[in-house]
>>> print(open('target.cif').read())   # mmCIF, C-alpha atoms
data_model
loop_
_atom_site.label_atom_id
_atom_site.label_comp_id
_atom_site.auth_asym_id
_atom_site.auth_seq_id
_atom_site.Cartn_x
_atom_site.Cartn_y
_atom_site.Cartn_z
CA MET D 1 -28.91 -46.19 120.67
CA LYS D 2 -30.74 -49.47 120.91
CA LEU D 3 -33.55 -49.88 118.38
CA SER D 4 -36.63 -51.97 119.03
CA ILE D 5 -37.65 -54.69 116.62
CA SER D 6 -40.76 -52.68 115.72
CA THR D 7 -38.67 -49.60 114.87
CA VAL D 8 -36.36 -51.60 112.62
CA ALA D 9 -39.36 -53.21 110.94
CA LEU D 10 -40.94 -49.81 110.26
CA TRP D 11 -37.70 -48.52 108.73
CA ALA D 12 -37.43 -51.60 106.55
CA LEU D 13 -41.06 -51.25 105.42
CA SER D 14 -40.54 -47.57 104.59
CA ALA D 15 -37.44 -48.36 102.53
CA ALA D 16 -39.25 -51.13 100.67
CA GLN D 17 -42.19 -48.83 99.87
CA THR D 18 -39.85 -46.11 98.59
CA ALA D 19 -38.00 -48.60 96.39
CA SER D 20 -41.20 -50.06 95.00
CA ALA D 21 -42.31 -46.59 93.85
CA HIS D 22 -39.10 -46.06 91.88
CA TYR D 23 -37.91 -47.92 88.78
CA ARG D 24 -35.70 -47.89 85.70
CA PHE D 25 -35.90 -49.37 82.23
CA SER D 26 -33.23 -52.04 81.75
CA LYS D 27 -34.49 -54.47 79.08
CA PHE D 28 -35.11 -53.86 75.38
CA LEU D 29 -37.63 -55.69 73.18
CA VAL D 30 -37.53 -56.33 69.44
CA ASN D 31 -40.67 -57.98 68.06
CA GLY D 32 -41.40 -59.55 71.43
CA LYS D 33 -37.88 -60.86 72.06
CA LEU D 34 -36.63 -59.60 75.41
CA SER D 35 -32.97 -58.73 76.00
CA THR D 36 -31.05 -59.19 79.22
CA ASP D 37 -30.58 -56.26 81.58
CA TRP D 38 -28.37 -53.55 80.05
CA GLU D 39 -27.63 -55.60 76.94
CA PHE D 40 -28.78 -52.82 74.59
CA ILE D 41 -29.57 -50.10 77.15
CA ARG D 42 -26.90 -47.88 78.67
CA GLU D 43 -26.83 -48.50 82.42
CA ASN D 44 -26.77 -45.31 84.46
CA SER D 45 -25.35 -44.52 87.89
CA ASN D 46 -28.64 -43.07 89.14
CA GLY D 47 -30.10 -46.47 89.95
CA ILE D 48 -33.86 -46.48 90.49
CA MET D 49 -33.96 -42.87 91.65
CA PRO D 50 -35.83 -40.27 89.60
CA THR D 51 -34.18 -37.26 88.02
CA LYS D 52 -35.64 -33.91 89.12
CA GLN D 53 -34.03 -31.62 86.56
CA PHE D 54 -37.20 -30.23 85.04
CA LEU D 55 -36.48 -26.62 85.97
CA THR D 56 -32.74 -26.61 85.23
CA PRO D 57 -31.84 -29.71 83.15
CA SER D 58 -28.23 -30.64 82.40
CA ASP D 59 -26.67 -32.90 79.76
CA ASP D 60 -27.52 -35.82 82.06
CA PHE D 61 -31.13 -35.25 81.01
CA ARG D 62 -30.37 -37.06 77.73
CA CYS D 63 -29.68 -40.64 78.85
CA ASN D 64 -29.24 -40.24 82.63
CA SER D 65 -26.18 -39.72 84.79
CA GLY D 66 -23.18 -41.96 84.21
CA SER D 67 -24.72 -43.67 81.17
CA PHE D 68 -22.16 -42.53 78.60
CA ALA D 69 -19.43 -44.29 80.59
CA ASN D 70 -21.22 -47.55 79.72
CA ALA D 71 -21.98 -46.75 76.07
CA GLY D 72 -18.91 -48.54 74.70
CA LYS D 73 -19.72 -51.85 76.36
CA THR D 74 -23.42 -51.74 75.48
CA LYS D 75 -24.49 -53.69 72.38
CA VAL D 76 -26.27 -52.18 69.40
CA ALA D 77 -29.59 -53.88 68.55
CA LYS D 78 -30.33 -54.55 64.87
CA VAL D 79 -33.85 -53.38 64.00
CA ASN D 80 -35.88 -52.55 60.89
CA PRO D 81 -38.64 -50.07 60.11
CA GLY D 82 -42.00 -51.56 61.05
CA ASP D 83 -40.51 -53.59 63.93
CA ARG D 84 -42.29 -53.57 67.26
CA LEU D 85 -39.81 -52.16 69.81
CA GLY D 86 -40.17 -51.77 73.54
CA PHE D 87 -38.71 -51.30 77.00
CA GLN D 88 -39.22 -53.24 80.22
CA LEU D 89 -38.55 -52.19 83.79
CA TRP D 90 -35.80 -53.68 85.91
CA TYR D 91 -36.47 -56.36 88.51
CA TYR D 92 -40.21 -56.96 88.07
CA ALA D 93 -41.16 -53.35 88.80
CA THR D 94 -44.24 -51.59 87.42
CA MET D 95 -44.91 -47.89 86.95
CA GLN D 96 -46.65 -46.79 90.14
CA HIS D 97 -46.64 -43.03 89.63
CA PRO D 98 -49.26 -41.04 87.69
CA GLY D 99 -48.05 -39.33 84.54
CA PRO D 100 -47.33 -39.56 80.81
CA LEU D 101 -44.64 -41.44 78.91
CA THR D 102 -42.68 -40.43 75.82
CA ILE D 103 -40.16 -42.12 73.53
CA HIS D 104 -37.69 -40.07 71.48
CA MET D 105 -35.01 -41.02 68.94
CA SER D 106 -31.78 -39.32 67.88
CA ARG D 107 -29.66 -40.36 64.92
CA ALA D 108 -25.95 -40.64 65.67
CA PRO D 109 -23.50 -39.08 63.19
CA GLY D 110 -21.49 -42.32 63.27
CA ASP D 111 -21.01 -45.03 65.89
CA VAL D 112 -23.84 -44.69 68.41
CA ARG D 113 -21.56 -46.06 71.12
CA GLN D 114 -19.57 -42.82 70.82
CA TYR D 115 -22.61 -40.54 70.64
CA ARG D 116 -23.56 -38.35 73.59
CA GLY D 117 -27.02 -37.47 72.30
CA ASP D 118 -26.15 -33.82 71.68
CA GLY D 119 -27.80 -33.83 68.23
CA ASP D 120 -31.45 -33.53 67.25
CA TRP D 121 -34.23 -35.69 68.74
CA PHE D 122 -37.74 -36.47 67.53
CA LYS D 123 -40.68 -38.04 69.34
CA VAL D 124 -42.05 -41.38 68.09
CA HIS D 125 -44.47 -42.35 70.85
CA GLN D 126 -46.37 -41.01 73.82
CA MET D 127 -48.91 -42.32 76.32
CA ILE D 128 -51.14 -40.03 78.35
CA ILE D 129 -54.72 -40.78 79.48
CA CYS D 130 -56.50 -44.01 78.47
CA LYS D 131 -59.67 -43.91 80.58
CA PRO D 132 -62.31 -41.38 81.53
CA PRO D 133 -61.92 -39.84 84.99
CA THR D 134 -62.73 -42.41 87.68
CA GLY D 135 -65.68 -41.26 89.77
CA GLY D 136 -65.63 -37.86 88.07
CA TYR D 137 -62.05 -37.05 89.07
CA LEU D 138 -58.66 -37.88 87.63
CA ASN D 139 -57.31 -41.06 89.20
CA ASP D 140 -53.86 -42.70 89.11
CA LYS D 141 -55.32 -45.65 87.22
CA ASP D 142 -56.61 -43.40 84.41
CA TRP D 143 -53.05 -42.96 83.09
CA CYS D 144 -52.08 -45.29 80.23
CA THR D 145 -48.85 -46.23 82.00
CA TRP D 146 -50.30 -47.14 85.39
CA ASP D 147 -48.98 -50.48 86.71
CA LEU D 148 -47.30 -51.38 83.39
CA ALA D 149 -43.91 -53.08 83.33
CA THR D 150 -43.49 -52.90 79.54
CA VAL D 151 -44.16 -50.28 76.87
CA GLU D 152 -43.95 -50.85 73.11
CA PHE D 153 -44.24 -48.88 69.88
CA THR D 154 -43.92 -49.51 66.16
CA LEU D 155 -40.85 -48.02 64.49
CA PRO D 156 -42.23 -45.88 61.59
CA ARG D 157 -41.87 -47.72 58.29
CA ASP D 158 -39.94 -44.95 56.55
CA THR D 159 -37.41 -44.34 59.36
CA PRO D 160 -34.07 -43.55 57.64
CA PRO D 161 -31.31 -46.13 58.13
CA GLY D 162 -28.53 -45.46 60.60
CA GLN D 163 -27.57 -45.82 64.24
CA TYR D 164 -29.80 -44.20 66.85
CA LEU D 165 -30.34 -43.63 70.53
CA ILE D 166 -33.91 -44.42 71.64
CA ARG D 167 -34.86 -42.65 74.88
CA VAL D 168 -37.82 -43.88 76.94
CA GLU D 169 -39.07 -41.54 79.65
CA HIS D 170 -41.83 -41.80 82.24
CA ILE D 171 -42.83 -38.48 83.80
CA ALA D 172 -44.30 -38.60 87.31
CA LEU D 173 -46.58 -35.66 88.09
CA HIS D 174 -47.42 -36.15 91.78
CA GLY D 175 -45.09 -33.25 92.70
CA ALA D 176 -45.45 -31.30 89.47
CA ARG D 177 -47.28 -28.27 90.83
CA SER D 178 -44.09 -27.00 92.49
CA GLY D 179 -41.91 -28.02 89.56
CA ASP D 180 -40.77 -31.13 91.43
CA THR D 181 -41.62 -33.27 88.40
CA GLU D 182 -39.87 -36.67 88.35
CA PHE D 183 -38.33 -38.28 85.25
CA TYR D 184 -37.41 -41.96 84.85
CA TYR D 185 -35.48 -42.58 81.63
CA THR D 186 -32.78 -44.57 79.86
CA CYS D 187 -31.43 -44.88 76.30
CA ALA D 188 -31.14 -47.93 74.04
CA GLN D 189 -28.63 -48.20 71.21
CA VAL D 190 -29.95 -49.46 67.86
CA GLU D 191 -29.05 -49.71 64.21
CA VAL D 192 -31.97 -49.23 61.83
CA GLY D 193 -31.72 -51.12 58.56
CA GLY D 194 -33.77 -50.85 55.38
CA ASN D 195 -33.99 -47.92 53.01
CA GLY D 196 -36.53 -45.61 54.66
CA ASN D 197 -36.57 -42.08 53.33
CA GLY D 198 -38.88 -40.30 55.76
CA ARG D 199 -37.98 -36.94 57.26
CA PRO D 200 -38.45 -37.15 61.04
CA GLY D 201 -39.51 -34.09 62.98
CA PRO D 202 -40.21 -31.71 64.58
CA MET D 203 -36.71 -31.80 66.05
CA VAL D 204 -35.76 -30.81 69.59
CA LYS D 205 -32.61 -30.75 71.69
CA ILE D 206 -32.05 -32.41 75.06
CA PRO D 207 -31.87 -30.51 77.32
CA GLY D 208 -34.39 -28.09 75.84
CA LEU D 209 -37.30 -30.32 74.84
CA TYR D 210 -39.53 -29.02 77.66
CA ASP D 211 -40.38 -25.53 78.83
CA SER D 212 -39.95 -25.25 82.61
CA ASN D 213 -43.26 -23.34 82.74
CA ASP D 214 -45.17 -25.89 80.63
CA PRO D 215 -48.55 -26.15 82.39
CA ALA D 216 -48.90 -29.78 81.28
CA LEU D 217 -45.86 -30.66 83.37
CA ARG D 218 -46.75 -28.34 86.26
CA TYR D 219 -50.36 -29.50 86.56
CA PHE D 220 -51.87 -30.31 89.97
CA ILE D 221 -53.49 -33.64 89.23
CA TYR D 222 -55.24 -34.30 92.55
CA GLY D 223 -58.91 -33.41 92.71
CA ALA D 224 -58.87 -32.43 89.04
CA PRO D 225 -61.85 -33.42 86.87
CA ASN D 226 -59.50 -34.40 84.03
CA TYR D 227 -56.06 -33.89 82.51
CA PRO D 228 -56.70 -31.22 79.86
CA TYR D 229 -53.46 -31.62 77.91
CA THR D 230 -53.24 -33.89 74.88
CA ASN D 231 -49.54 -33.55 74.06
CA VAL D 232 -46.31 -33.70 76.07
CA GLY D 233 -44.08 -30.80 75.09
CA LYS D 234 -44.63 -28.49 72.12
CA HIS D 235 -43.46 -31.05 69.56
CA ALA D 236 -45.78 -33.63 68.00
CA VAL D 237 -45.19 -37.37 67.53
CA TRP D 238 -43.59 -38.36 64.23
CA THR D 239 -45.36 -41.37 62.72
CA GLY D 240 -43.66 -41.23 59.32
CA GLY D 241 -43.49 -39.07 56.23
CA ASN D 242 -42.21 -35.52 56.11
CA GLY D 243 -42.54 -34.30 59.66
CA GLY D 244 -40.28 -31.29 59.33
CA GLY D 245 -36.59 -31.45 59.75
CA GLY D 246 -33.44 -29.94 61.07
CA GLY D 247 -32.74 -27.60 63.89
CA SER D 248 -34.48 -27.48 67.21
CA THR D 249 -37.42 -25.23 66.44
CA GLN D 250 -40.72 -26.25 67.96
CA PRO D 251 -44.14 -25.44 66.50
CA SER D 252 -46.18 -23.14 68.74
CA ASN D 253 -49.45 -24.97 68.14
CA PRO D 254 -48.81 -28.61 67.14
CA PRO D 255 -51.74 -30.96 66.63
CA PRO D 256 -52.64 -32.57 69.98
CA SER D 257 -51.80 -36.19 70.59
CA ASN D 258 -53.16 -38.29 73.43
CA GLY D 259 -53.06 -41.93 74.46
CA GLY D 260 -50.68 -44.57 73.13
CA GLY D 261 -49.42 -42.99 69.96
CA GLY D 262 -50.29 -39.68 68.44
CA GLY D 263 -50.39 -37.59 65.36
CA GLY D 264 -47.81 -35.56 63.56
CA ASN D 265 -48.73 -32.49 61.52
CA GLY D 266 -52.35 -33.59 61.16
CA ALA D 267 -51.36 -36.74 59.30
CA THR D 268 -52.01 -40.22 60.70
CA VAL D 269 -51.81 -42.06 64.00
CA GLY D 270 -49.40 -44.96 64.53
CA LEU D 271 -50.39 -48.41 65.66
CA TRP D 272 -51.77 -48.42 69.26
CA GLY D 273 -52.20 -44.64 69.22
CA GLN D 274 -55.39 -42.74 70.04
CA CYS D 275 -57.55 -41.97 67.01
CA GLY D 276 -60.79 -40.76 68.58
CA GLY D 277 -62.92 -40.28 71.66
CA LYS D 278 -64.92 -37.57 73.40
CA ASP D 279 -63.08 -34.22 73.35
CA TYR D 280 -60.24 -35.72 71.29
CA THR D 281 -59.06 -33.33 68.55
CA GLY D 282 -56.08 -35.15 67.06
CA PRO D 283 -55.74 -37.19 63.85
CA THR D 284 -58.31 -39.93 63.25
CA ARG D 285 -56.68 -41.88 60.41
CA CYS D 286 -54.45 -44.85 61.32
CA SER D 287 -51.14 -45.36 59.50
CA GLU D 288 -51.50 -49.03 60.48
CA GLY D 289 -54.50 -51.07 61.60
CA THR D 290 -58.05 -49.85 62.17
CA CYS D 291 -59.44 -47.22 64.53
CA LYS D 292 -61.65 -49.07 67.00
CA VAL D 293 -63.74 -47.62 69.83
CA GLN D 294 -62.59 -48.76 73.29
CA ASN D 295 -64.99 -46.54 75.25
CA GLU D 296 -66.65 -43.15 75.05
CA TRP D 297 -63.35 -41.40 75.72
CA TYR D 298 -60.87 -43.50 73.80
CA SER D 299 -60.52 -45.05 70.36
CA GLN D 300 -57.28 -46.77 69.38
CA CYS D 301 -55.47 -47.92 66.23
CA VAL D 302 -55.24 -51.70 66.53
CA ASN D 303 -54.41 -54.62 64.25
#
>>> encode(input="target.cif", output="structure tokens")
Amino acid sequence: MKLSISTVALWALSAAQTASAHYRFSKFLVNGKLSTDWEFIRENSNGIMPTKQFLTPSDDFRCNSGSFANAGKTKVAKVNPGDRLGFQLWYYATMQHPGPLTIHMSRAPGDVRQYRGDGDWFKVHQMIICKPPTGGYLNDKDWCTWDLATVEFTLPRDTPPGQYLIRVEHIALHGARSGDTEFYYTCAQVEVGGNGNGRPGPMVKIPGLYDSNDPALRYFIYGAPNYPYTNVGKHAVWTGGNGGGGGSTQPSNPPPSNGGGGGGNGATVGLWGQCGGKDYTGPTRCSEGTCKVQNEWYSQCVN
């Protein structure tokens, strides 16, 4: 079959558009210093393609398919409580799907390069909605993550020392109504120094951190007046202190947490997290910085 130049061009354009909508996190940041690709992050074999295991997740839901094969050759970043940590997307991409973002951590029993992530995980950061509905209806640009290439959070100051996996995850909701929710995620390997004595929690397992019937991850976002959910999953963000410990139990009614950070057990909000705004019902005290009004819908803990 002989293809016309116009047909080939259309195929190429379609492929480029598909690729531009997909992404993966490949670089790690410590206090603004950017690593090389896959220096501290386990490279996976899934490439830029999303994982659609929301309804029946497997062990690959921890750090992505093929990533453990690269764990041994991936470096371990040295970090300390209070450091500003972050992730950046591969090859100049930005997040071009609507949906929330979470970051979880799991302490390895020994060498993190030999850890599969089958232990307990706790959430340290989440980003949901940062703007009021555009024109009265929820818009792609209302999501905190929209068009970002980099996300950062502050490691809680009383994080216990040890080696950890840090899992960043962007959740795309454009197909969520049918359970076709997309997940983009990778894991960094770090060693936390210091002498923190906090008790992270609530703890969850991966797979198992999300309920396949969770309405927040099955929500039809198009034509909606807002996104009514202020927390991703049933477990709250740990910002320090005694958040509840072992096992994988999840509280049935955790305090809501929206925006860049979030509350844990009604305590405080971490730096860059939401601390107020219309209809916001989460914690209003900042563990770091000051709560400043950004607009009617959103106040944020800032330096």
>>> atom_distance(input="target.cif", atom1="CA of Glu288 (chain D)", atom2="CA of His235 (chain D)")
21.7 Å
>>> closest_residue(input="target.cif", among="D:Pro215, D:Gly136, D:Gly86, D:Gly240", to="Val190 (chain D)", atoms="all atoms listed in the file")
D:Gly86
>>> closest_residue(input="target.cif", among="D:Ser58, D:Asn226, D:Gln189, D:Ser35", to="Lys78 (chain D)", atoms="only C-alpha atoms")
D:Gln189
>>> atom_distance(input="target.cif", atom1="CA of Gly82 (chain D)", atom2="CA of Arg107 (chain D)")
17.1 Å
>>> closest_residue(input="target.cif", among="D:Ala149, D:Ala108, D:Ile206, D:Leu138", to="Tyr222 (chain D)", atoms="all atoms listed in the file")
D:Leu138
>>> resolve_selection(input="target.cif", expression="the PyMOL selection byres ((chain D and resi 140-145) around 9)", output="PyMOL selection string")
chain D and resi 94-101+127-134+138-139+146-151+170+259-260
>>> closest_residue(input="target.cif", among="D:Thr159, D:Gln88, D:Gln126, D:Thr154", to="Asn31 (chain D)", atoms="only C-alpha atoms")
D:Thr154
>>> atom_distance(input="target.cif", atom1="CA of Arg84 (chain D)", atom2="CA of Pro160 (chain D)")
16.1 Å
>>> resolve_selection(input="target.cif", expression="the PyMOL selection byres ((chain D and resi 113-121) around 10)", output="compact mmCIF listing (two decimals) with C-alpha atoms, in the coordinates of the input")
# COMPACT_ATOMS: atom_id res chain seq x y z
CA ARG D 42 -26.90 -47.88 78.67
CA ASP D 59 -26.67 -32.90 79.76
CA ASP D 60 -27.52 -35.82 82.06
CA PHE D 61 -31.13 -35.25 81.01
CA ARG D 62 -30.37 -37.06 77.73
CA CYS D 63 -29.68 -40.64 78.85
CA SER D 67 -24.72 -43.67 81.17
CA PHE D 68 -22.16 -42.53 78.60
CA ALA D 69 -19.43 -44.29 80.59
CA ASN D 70 -21.22 -47.55 79.72
CA ALA D 71 -21.98 -46.75 76.07
CA GLY D 72 -18.91 -48.54 74.70
CA LYS D 73 -19.72 -51.85 76.36
CA THR D 74 -23.42 -51.74 75.48
CA LYS D 75 -24.49 -53.69 72.38
CA VAL D 76 -26.27 -52.18 69.40
CA ILE D 103 -40.16 -42.12 73.53
CA HIS D 104 -37.69 -40.07 71.48
CA MET D 105 -35.01 -41.02 68.94
CA SER D 106 -31.78 -39.32 67.88
CA ARG D 107 -29.66 -40.36 64.92
CA ALA D 108 -25.95 -40.64 65.67
CA PRO D 109 -23.50 -39.08 63.19
CA GLY D 110 -21.49 -42.32 63.27
CA ASP D 111 -21.01 -45.03 65.89
CA VAL D 112 -23.84 -44.69 68.41
CA PHE D 122 -37.74 -36.47 67.53
CA LYS D 123 -40.68 -38.04 69.34
CA VAL D 124 -42.05 -41.38 68.09
CA GLN D 163 -27.57 -45.82 64.24
CA TYR D 164 -29.80 -44.20 66.85
CA LEU D 165 -30.34 -43.63 70.53
CA ILE D 166 -33.91 -44.42 71.64
CA ARG D 167 -34.86 -42.65 74.88
CA CYS D 187 -31.43 -44.88 76.30
CA GLN D 189 -28.63 -48.20 71.21
CA VAL D 190 -29.95 -49.46 67.86
CA PRO D 200 -38.45 -37.15 61.04
CA GLY D 201 -39.51 -34.09 62.98
CA PRO D 202 -40.21 -31.71 64.58
CA MET D 203 -36.71 -31.80 66.05
CA VAL D 204 -35.76 -30.81 69.59
CA LYS D 205 -32.61 -30.75 71.69
CA ILE D 206 -32.05 -32.41 75.06
CA PRO D 207 -31.87 -30.51 77.32
CA LEU D 209 -37.30 -30.32 74.84
CA GLY D 245 -36.59 -31.45 59.75
CA GLY D 246 -33.44 -29.94 61.07
CA GLY D 247 -32.74 -27.60 63.89
CA SER D 248 -34.48 -27.48 67.21
>>> closest_residue(input="target.cif", among="D:Ala93, D:Val237, D:Ala216, D:Met49", to="Glu182 (chain D)", atoms="only C-alpha atoms")
D:Met49
>>> residues_around(input="target.cif", residues="Tyr219 (chain D)", least_positions_apart="4", cutoff="8 Å", atoms="all atoms listed in the file", output="number ranges by chain")
D: 173, 176-177, 215
>>> resolve_selection(input="target.cif", expression="the PyMOL selection byres ((chain D and resi 157) around 12)", output="count of residues only")
32
>>> closest_residue(input="target.cif", among="D:Gly208, D:Pro283, D:Pro225, D:Gly289", to="Pro57 (chain D)", atoms="only C-alpha atoms")
D:Gly208
>>> residues_around(input="target.cif", residues="Asn46 (chain D)", least_positions_apart="4", cutoff="9 Å", atoms="all atoms listed in the file", output="list in words")
Pro50, Thr51, Asn64, Ser65, Gly66 and Ser67 of chain D
>>> residues_around(input="target.cif", residues="Asn213 (chain D)", least_positions_apart="2", cutoff="10 Å", atoms="all atoms listed in the file", output="compact mmCIF listing (two decimals) with C-alpha atoms, in the frame of the given file")
# COMPACT_ATOMS: atom_id res chain seq x y z
CA PHE D 54 -37.20 -30.23 85.04
CA LEU D 55 -36.48 -26.62 85.97
CA GLY D 179 -41.91 -28.02 89.56
CA TYR D 210 -39.53 -29.02 77.66
CA ASP D 211 -40.38 -25.53 78.83
CA PRO D 215 -48.55 -26.15 82.39
CA ALA D 216 -48.90 -29.78 81.28
CA LEU D 217 -45.86 -30.66 83.37
CA ARG D 218 -46.75 -28.34 86.26
>>> decode(input="target.cif", residues="region 125-140 of chain D", atoms="C-alpha atoms", output="PDB file, in the first residue's frame")
ATOM      1  CA  HIS D 125       2.205  15.205  50.030  1.00  0.00           C
ATOM      2  CA  GLN D 126      -0.768  15.674  47.757  1.00  0.00           C
ATOM      3  CA  MET D 127      -1.962  18.236  45.232  1.00  0.00           C
ATOM      4  CA  ILE D 128      -5.585  18.512  44.154  1.00  0.00           C
ATOM      5  CA  ILE D 129      -7.422  21.732  43.191  1.00  0.00           C
ATOM      6  CA  CYS D 130      -5.711  25.140  43.384  1.00  0.00           C
ATOM      7  CA  LYS D 131      -8.232  27.441  41.691  1.00  0.00           C
ATOM      8  CA  PRO D 132     -11.973  28.010  41.758  1.00  0.00           C
ATOM      9  CA  PRO D 133     -13.899  26.457  38.861  1.00  0.00           C
ATOM     10  CA  THR D 134     -13.179  28.341  35.634  1.00  0.00           C
ATOM     11  CA  GLY D 135     -16.374  29.848  34.244  1.00  0.00           C
ATOM     12  CA  GLY D 136     -18.447  28.001  36.828  1.00  0.00           C
ATOM     13  CA  TYR D 137     -17.269  24.540  35.784  1.00  0.00           C
ATOM     14  CA  LEU D 138     -14.246  22.428  36.614  1.00  0.00           C
ATOM     15  CA  ASN D 139     -11.483  23.037  34.079  1.00  0.00           C
ATOM     16  CA  ASP D 140      -8.207  21.211  33.381  1.00  0.00           C
TER      17      ASP D 140
END
